[in-house]
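What follows is the content of entry.cif (mmCIF, C-alpha atoms, pLDDT in the B column; chains and numbers go by the auth columns).
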```
data_structure
#
loop_
_atom_site.group_PDB
_atom_site.id
_atom_site.type_symbol
_atom_site.label_atom_id
_atom_site.label_comp_id
_atom_site.label_asym_id
_atom_site.label_seq_id
_atom_site.Cartn_x
_atom_site.Cartn_y
_atom_site.Cartn_z
_atom_site.B_iso_or_equiv
_atom_site.auth_seq_id
_atom_site.auth_asym_id
ATOM 1 C CA MET A 1 7.563 -21.358 -22.784 64.00 1 A
ATOM 2 C CA TYR A 2 8.653 -21.645 -19.184 70.00 2 A
ATOM 3 C CA ALA A 3 10.746 -19.733 -16.678 69.00 3 A
ATOM 4 C CA ARG A 4 14.029 -21.386 -15.715 73.00 4 A
ATOM 5 C CA PRO A 5 13.813 -22.909 -12.217 72.00 5 A
ATOM 6 C CA SER A 6 16.382 -22.029 -9.583 74.00 6 A
ATOM 7 C CA ASN A 7 16.236 -25.484 -7.981 77.00 7 A
ATOM 8 C CA PRO A 8 18.735 -27.799 -9.761 83.00 8 A
ATOM 9 C CA ASP A 9 16.617 -30.917 -9.110 83.00 9 A
ATOM 10 C CA ILE A 10 13.561 -29.322 -10.724 82.00 10 A
ATOM 11 C CA ARG A 11 15.762 -28.070 -13.566 85.00 11 A
ATOM 12 C CA GLN A 12 17.022 -31.622 -14.150 87.00 12 A
ATOM 13 C CA LEU A 13 13.511 -33.110 -14.135 86.00 13 A
ATOM 14 C CA ILE A 14 12.283 -30.490 -16.605 86.00 14 A
ATOM 15 C CA GLY A 15 15.331 -31.158 -18.794 89.00 15 A
ATOM 16 C CA GLU A 16 14.488 -34.874 -18.848 89.00 16 A
ATOM 17 C CA ALA A 17 10.914 -34.056 -19.817 88.00 17 A
ATOM 18 C CA LEU A 18 12.051 -31.815 -22.678 90.00 18 A
ATOM 19 C CA VAL A 19 14.414 -34.486 -24.013 91.00 19 A
ATOM 20 C CA ARG A 20 11.513 -36.966 -24.005 89.00 20 A
ATOM 21 C CA GLY A 21 9.386 -34.568 -26.045 90.00 21 A
ATOM 22 C CA TRP A 22 7.143 -33.264 -23.273 90.00 22 A
ATOM 23 C CA THR A 23 5.980 -29.639 -23.409 90.00 23 A
ATOM 24 C CA VAL A 24 6.774 -27.531 -20.336 89.00 24 A
ATOM 25 C CA THR A 25 4.909 -24.312 -19.508 88.00 25 A
ATOM 26 C CA GLY A 26 4.661 -22.038 -16.502 83.00 26 A
ATOM 27 C CA GLY A 27 7.248 -21.292 -13.901 75.00 27 A
ATOM 28 C CA GLY A 28 8.031 -17.996 -12.267 68.00 28 A
ATOM 29 C CA LYS A 29 5.410 -17.624 -9.532 71.00 29 A
ATOM 30 C CA ARG A 30 3.240 -20.365 -11.020 75.00 30 A
ATOM 31 C CA HIS A 31 3.534 -24.124 -11.194 83.00 31 A
ATOM 32 C CA TYR A 32 5.201 -25.895 -14.074 85.00 32 A
ATOM 33 C CA ARG A 33 2.913 -27.964 -16.276 88.00 33 A
ATOM 34 C CA MET A 34 4.513 -30.811 -18.175 88.00 34 A
ATOM 35 C CA LEU A 35 2.376 -32.170 -21.019 89.00 35 A
ATOM 36 C CA CYS A 36 2.882 -35.534 -22.696 88.00 36 A
ATOM 37 C CA PRO A 37 3.533 -35.514 -26.465 87.00 37 A
ATOM 38 C CA ASN A 38 1.410 -38.654 -27.046 85.00 38 A
ATOM 39 C CA GLU A 39 -2.325 -38.912 -27.607 83.00 39 A
ATOM 40 C CA CYS A 40 -2.890 -39.849 -23.936 81.00 40 A
ATOM 41 C CA ARG A 41 -2.032 -36.214 -23.006 79.00 41 A
ATOM 42 C CA CYS A 42 -0.726 -36.980 -19.510 83.00 42 A
ATOM 43 C CA ILE A 43 -0.124 -33.909 -17.352 85.00 43 A
ATOM 44 C CA GLN A 44 2.316 -33.530 -14.473 85.00 44 A
ATOM 45 C CA VAL A 45 2.230 -30.400 -12.307 85.00 45 A
ATOM 46 C CA LEU A 46 5.404 -29.433 -10.469 83.00 46 A
ATOM 47 C CA GLY A 47 5.927 -26.697 -7.866 78.00 47 A
ATOM 48 C CA THR A 48 8.266 -23.863 -8.796 71.00 48 A
ATOM 49 C CA SER A 49 10.312 -23.339 -5.679 65.00 49 A
ATOM 50 C CA SER A 50 9.972 -26.442 -3.585 61.00 50 A
ATOM 51 C CA SER A 51 13.073 -27.385 -1.676 64.00 51 A
ATOM 52 C CA ASN A 52 11.253 -30.498 -0.486 71.00 52 A
ATOM 53 C CA ARG A 53 13.213 -33.418 -1.908 77.00 53 A
ATOM 54 C CA LYS A 54 10.266 -35.769 -1.347 82.00 54 A
ATOM 55 C CA MET A 55 8.052 -33.704 -3.663 81.00 55 A
ATOM 56 C CA ILE A 56 10.580 -34.063 -6.453 81.00 56 A
ATOM 57 C CA GLU A 57 10.963 -37.799 -5.838 84.00 57 A
ATOM 58 C CA ARG A 58 7.151 -38.242 -5.881 85.00 58 A
ATOM 59 C CA SER A 59 6.982 -36.409 -9.190 84.00 59 A
ATOM 60 C CA LYS A 60 9.689 -38.663 -10.650 83.00 60 A
ATOM 61 C CA THR A 61 7.788 -41.736 -9.418 86.00 61 A
ATOM 62 C CA ARG A 62 4.516 -40.513 -10.935 84.00 62 A
ATOM 63 C CA LEU A 63 6.245 -39.819 -14.235 83.00 63 A
ATOM 64 C CA SER A 64 7.924 -43.217 -14.318 83.00 64 A
ATOM 65 C CA ASN A 65 4.477 -44.806 -13.876 80.00 65 A
ATOM 66 C CA HIS A 66 3.307 -43.180 -17.129 72.00 66 A
ATOM 67 C CA THR A 67 3.986 -45.497 -20.042 71.00 67 A
ATOM 68 C CA CYS A 68 4.522 -42.450 -22.255 79.00 68 A
ATOM 69 C CA TRP A 69 7.436 -41.273 -20.045 78.00 69 A
ATOM 70 C CA GLU A 70 9.505 -44.317 -20.993 73.00 70 A
ATOM 71 C CA SER A 71 8.613 -44.362 -24.676 62.00 71 A
#
```
Spit out the file's structure as C-alpha coordinates when you get a sec.
Amino acid sequence: MYARPSNPDIRQLIGEALVRGWTVTGGGKRHYRMLCPNECRCIQVLGTSSSNRKMIERSKTRLSNHTCWES
(Lines of atoms letter the chains of each structure in order from A and count residues from 1; the text may use other names and numbers.)
(Lines give C-alpha, C1' and ligand atoms only; values in the text may rest on other atoms or scores of the structure.)
Protein backbone atom coordinates (compact mmCIF):
# COMPACT_ATOMS: atom_id res chain seq x y z
CA MET A 1 0.00 0.00 0.00
CA TYR A 2 1.12 3.56 -0.53
CA ALA A 3 0.29 7.03 0.74
CA ARG A 4 -1.44 9.31 -1.76
CA PRO A 5 0.98 11.94 -3.11
CA SER A 6 0.10 15.61 -2.95
CA ASN A 7 1.92 16.41 -6.21
CA PRO A 8 -0.48 15.87 -9.16
CA ASP A 9 2.34 14.89 -11.54
CA ILE A 10 3.56 12.17 -9.17
CA ARG A 11 -0.05 11.08 -8.63
CA GLN A 12 -0.51 10.74 -12.40
CA LEU A 13 2.71 8.73 -12.83
CA ILE A 14 1.73 6.38 -10.01
CA GLY A 15 -1.74 6.01 -11.54
CA GLU A 16 -0.17 5.01 -14.87
CA ALA A 17 2.00 2.46 -13.09
CA LEU A 18 -1.00 0.94 -11.30
CA VAL A 19 -2.97 0.66 -14.54
CA ARG A 20 -0.01 -1.18 -16.10
CA GLY A 21 0.03 -3.66 -13.23
CA TRP A 22 3.00 -2.30 -11.31
CA THR A 23 2.98 -2.51 -7.50
CA VAL A 24 3.46 0.80 -5.66
CA THR A 25 4.62 0.98 -2.04
CA GLY A 26 5.87 3.71 0.25
CA GLY A 27 4.99 7.35 0.27
CA GLY A 28 4.42 9.60 3.24
CA LYS A 29 7.91 10.61 4.37
CA ARG A 30 9.54 7.84 2.33
CA HIS A 31 10.14 7.32 -1.36
CA TYR A 32 7.68 5.50 -3.57
CA ARG A 33 8.86 2.17 -4.93
CA MET A 34 7.25 0.99 -8.14
CA LEU A 35 7.79 -2.70 -8.88
CA CYS A 36 7.31 -4.33 -12.27
CA PRO A 37 4.77 -7.17 -12.49
CA ASN A 38 6.94 -9.20 -14.91
CA GLU A 39 9.73 -11.64 -14.11
CA CYS A 40 12.38 -8.96 -14.80
CA ARG A 41 11.29 -7.22 -11.54
CA CYS A 42 12.29 -3.70 -12.60
CA ILE A 43 12.20 -1.14 -9.79
CA GLN A 44 11.68 2.61 -10.08
CA VAL A 45 12.14 4.83 -7.02
CA LEU A 46 10.32 8.16 -6.97
CA GLY A 47 10.61 11.01 -4.46
CA THR A 48 7.53 11.83 -2.41
CA SER A 49 7.41 15.59 -2.44
CA SER A 50 9.57 16.75 -5.29
CA SER A 51 8.32 19.83 -7.05
CA ASN A 52 11.19 19.46 -9.50
CA ARG A 53 9.56 18.86 -12.88
CA LYS A 54 12.82 17.49 -14.29
CA MET A 55 12.87 14.68 -11.72
CA ILE A 56 9.42 13.57 -12.82
CA GLU A 57 10.36 13.77 -16.50
CA ARG A 58 13.52 11.70 -15.85
CA SER A 59 11.44 9.08 -14.09
CA LYS A 60 9.02 8.92 -17.03
CA THR A 61 11.97 8.55 -19.43
CA ARG A 62 13.51 5.75 -17.35
CA LEU A 63 10.17 3.96 -17.22
CA SER A 64 9.61 4.28 -20.95
CA ASN A 65 13.02 2.65 -21.50
CA HIS A 66 11.83 -0.48 -19.65
CA THR A 67 10.29 -2.91 -22.11
CA CYS A 68 7.92 -4.08 -19.36
CA TRP A 69 6.46 -0.54 -19.03
CA GLU A 70 5.03 -0.70 -22.55
CA SER A 71 3.79 -4.28 -22.39
If you count all atoms listed in the file, which residues fall within 10 Å of region 64-71 of chain A, apart from same-chain ones fewer than 6 positions away, as a PDB file with C-alpha atoms, in the coordinates of the input?
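The file below, result_39.pdb, is the result:
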```pdb
ATOM      1  CA  GLU A  16      14.488 -34.874 -18.848  1.00 89.00           C
ATOM      2  CA  ALA A  17      10.914 -34.056 -19.817  1.00 88.00           C
ATOM      3  CA  ARG A  20      11.513 -36.966 -24.005  1.00 89.00           C
ATOM      4  CA  GLY A  21       9.386 -34.568 -26.045  1.00 90.00           C
ATOM      5  CA  TRP A  22       7.143 -33.264 -23.273  1.00 90.00           C
ATOM      6  CA  CYS A  36       2.882 -35.534 -22.696  1.00 88.00           C
ATOM      7  CA  PRO A  37       3.533 -35.514 -26.465  1.00 87.00           C
ATOM      8  CA  ASN A  38       1.410 -38.654 -27.046  1.00 85.00           C
ATOM      9  CA  GLU A  39      -2.325 -38.912 -27.607  1.00 83.00           C
ATOM     10  CA  CYS A  40      -2.890 -39.849 -23.936  1.00 81.00           C
ATOM     11  CA  ARG A  41      -2.032 -36.214 -23.006  1.00 79.00           C
ATOM     12  CA  CYS A  42      -0.726 -36.980 -19.510  1.00 83.00           C
ATOM     13  CA  ILE A  43      -0.124 -33.909 -17.352  1.00 85.00           C
ATOM     14  CA  ARG A  58       7.151 -38.242  -5.881  1.00 85.00           C
TER      15      ARG A  58
END
```
**OP:** Would you mind reading off the distance between CA of Leu46 (chain A) and CA of Gly27 (chain A), one decimal, in Å?
**Re:**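 Value for the CA of Leu46 (chain A)-CA of Gly27 (chain A) distance: 9.0 Å.
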**OP:** Between CA of Ile14 (chain A) and CA of Met34 (chain A), measure the distance and give it in Å to one decimal.
**Re:**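 According to the coordinates, CA of Ile14 (chain A) and CA of Met34 (chain A) are separated by 7.9 Å.
Distances to Asn7 (chain A) were evaluated for A:Ile56, A:Val19, A:Val45, A:Thr61 using only C-alpha atoms, and the minimum falls at A:Ile56.
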To test the calculation: enclose all listed atoms of region 13-23 of chain A in a box whose edges run along x, y and z, add 8 Å on each side, then state centre and edge lengths in Å to one decimal, as lines of an AutoDock Vina configuration file.
```
center_x = 10.7
center_y = -33.3
center_z = -20.1
size_x = 25.4
size_y = 23.3
size_z = 27.9
```
Subject >> Residue contacts of Pro5 (chain A) (12 Å, only C-alpha atoms) excluding same-chain residues fewer than 2 positions away, as a list in words >> reply: Tyr2, Ala3, Asn7, Pro8, Asp9, Ile10, Arg11, Gln12, Leu13, Ile14, Gly15, Val24, Thr25, Gly26, Gly27, Gly28, Lys29, Arg30, His31, Tyr32, Leu46, Gly47, Thr48, Ser49, Ser50 and Ser51 of chain A
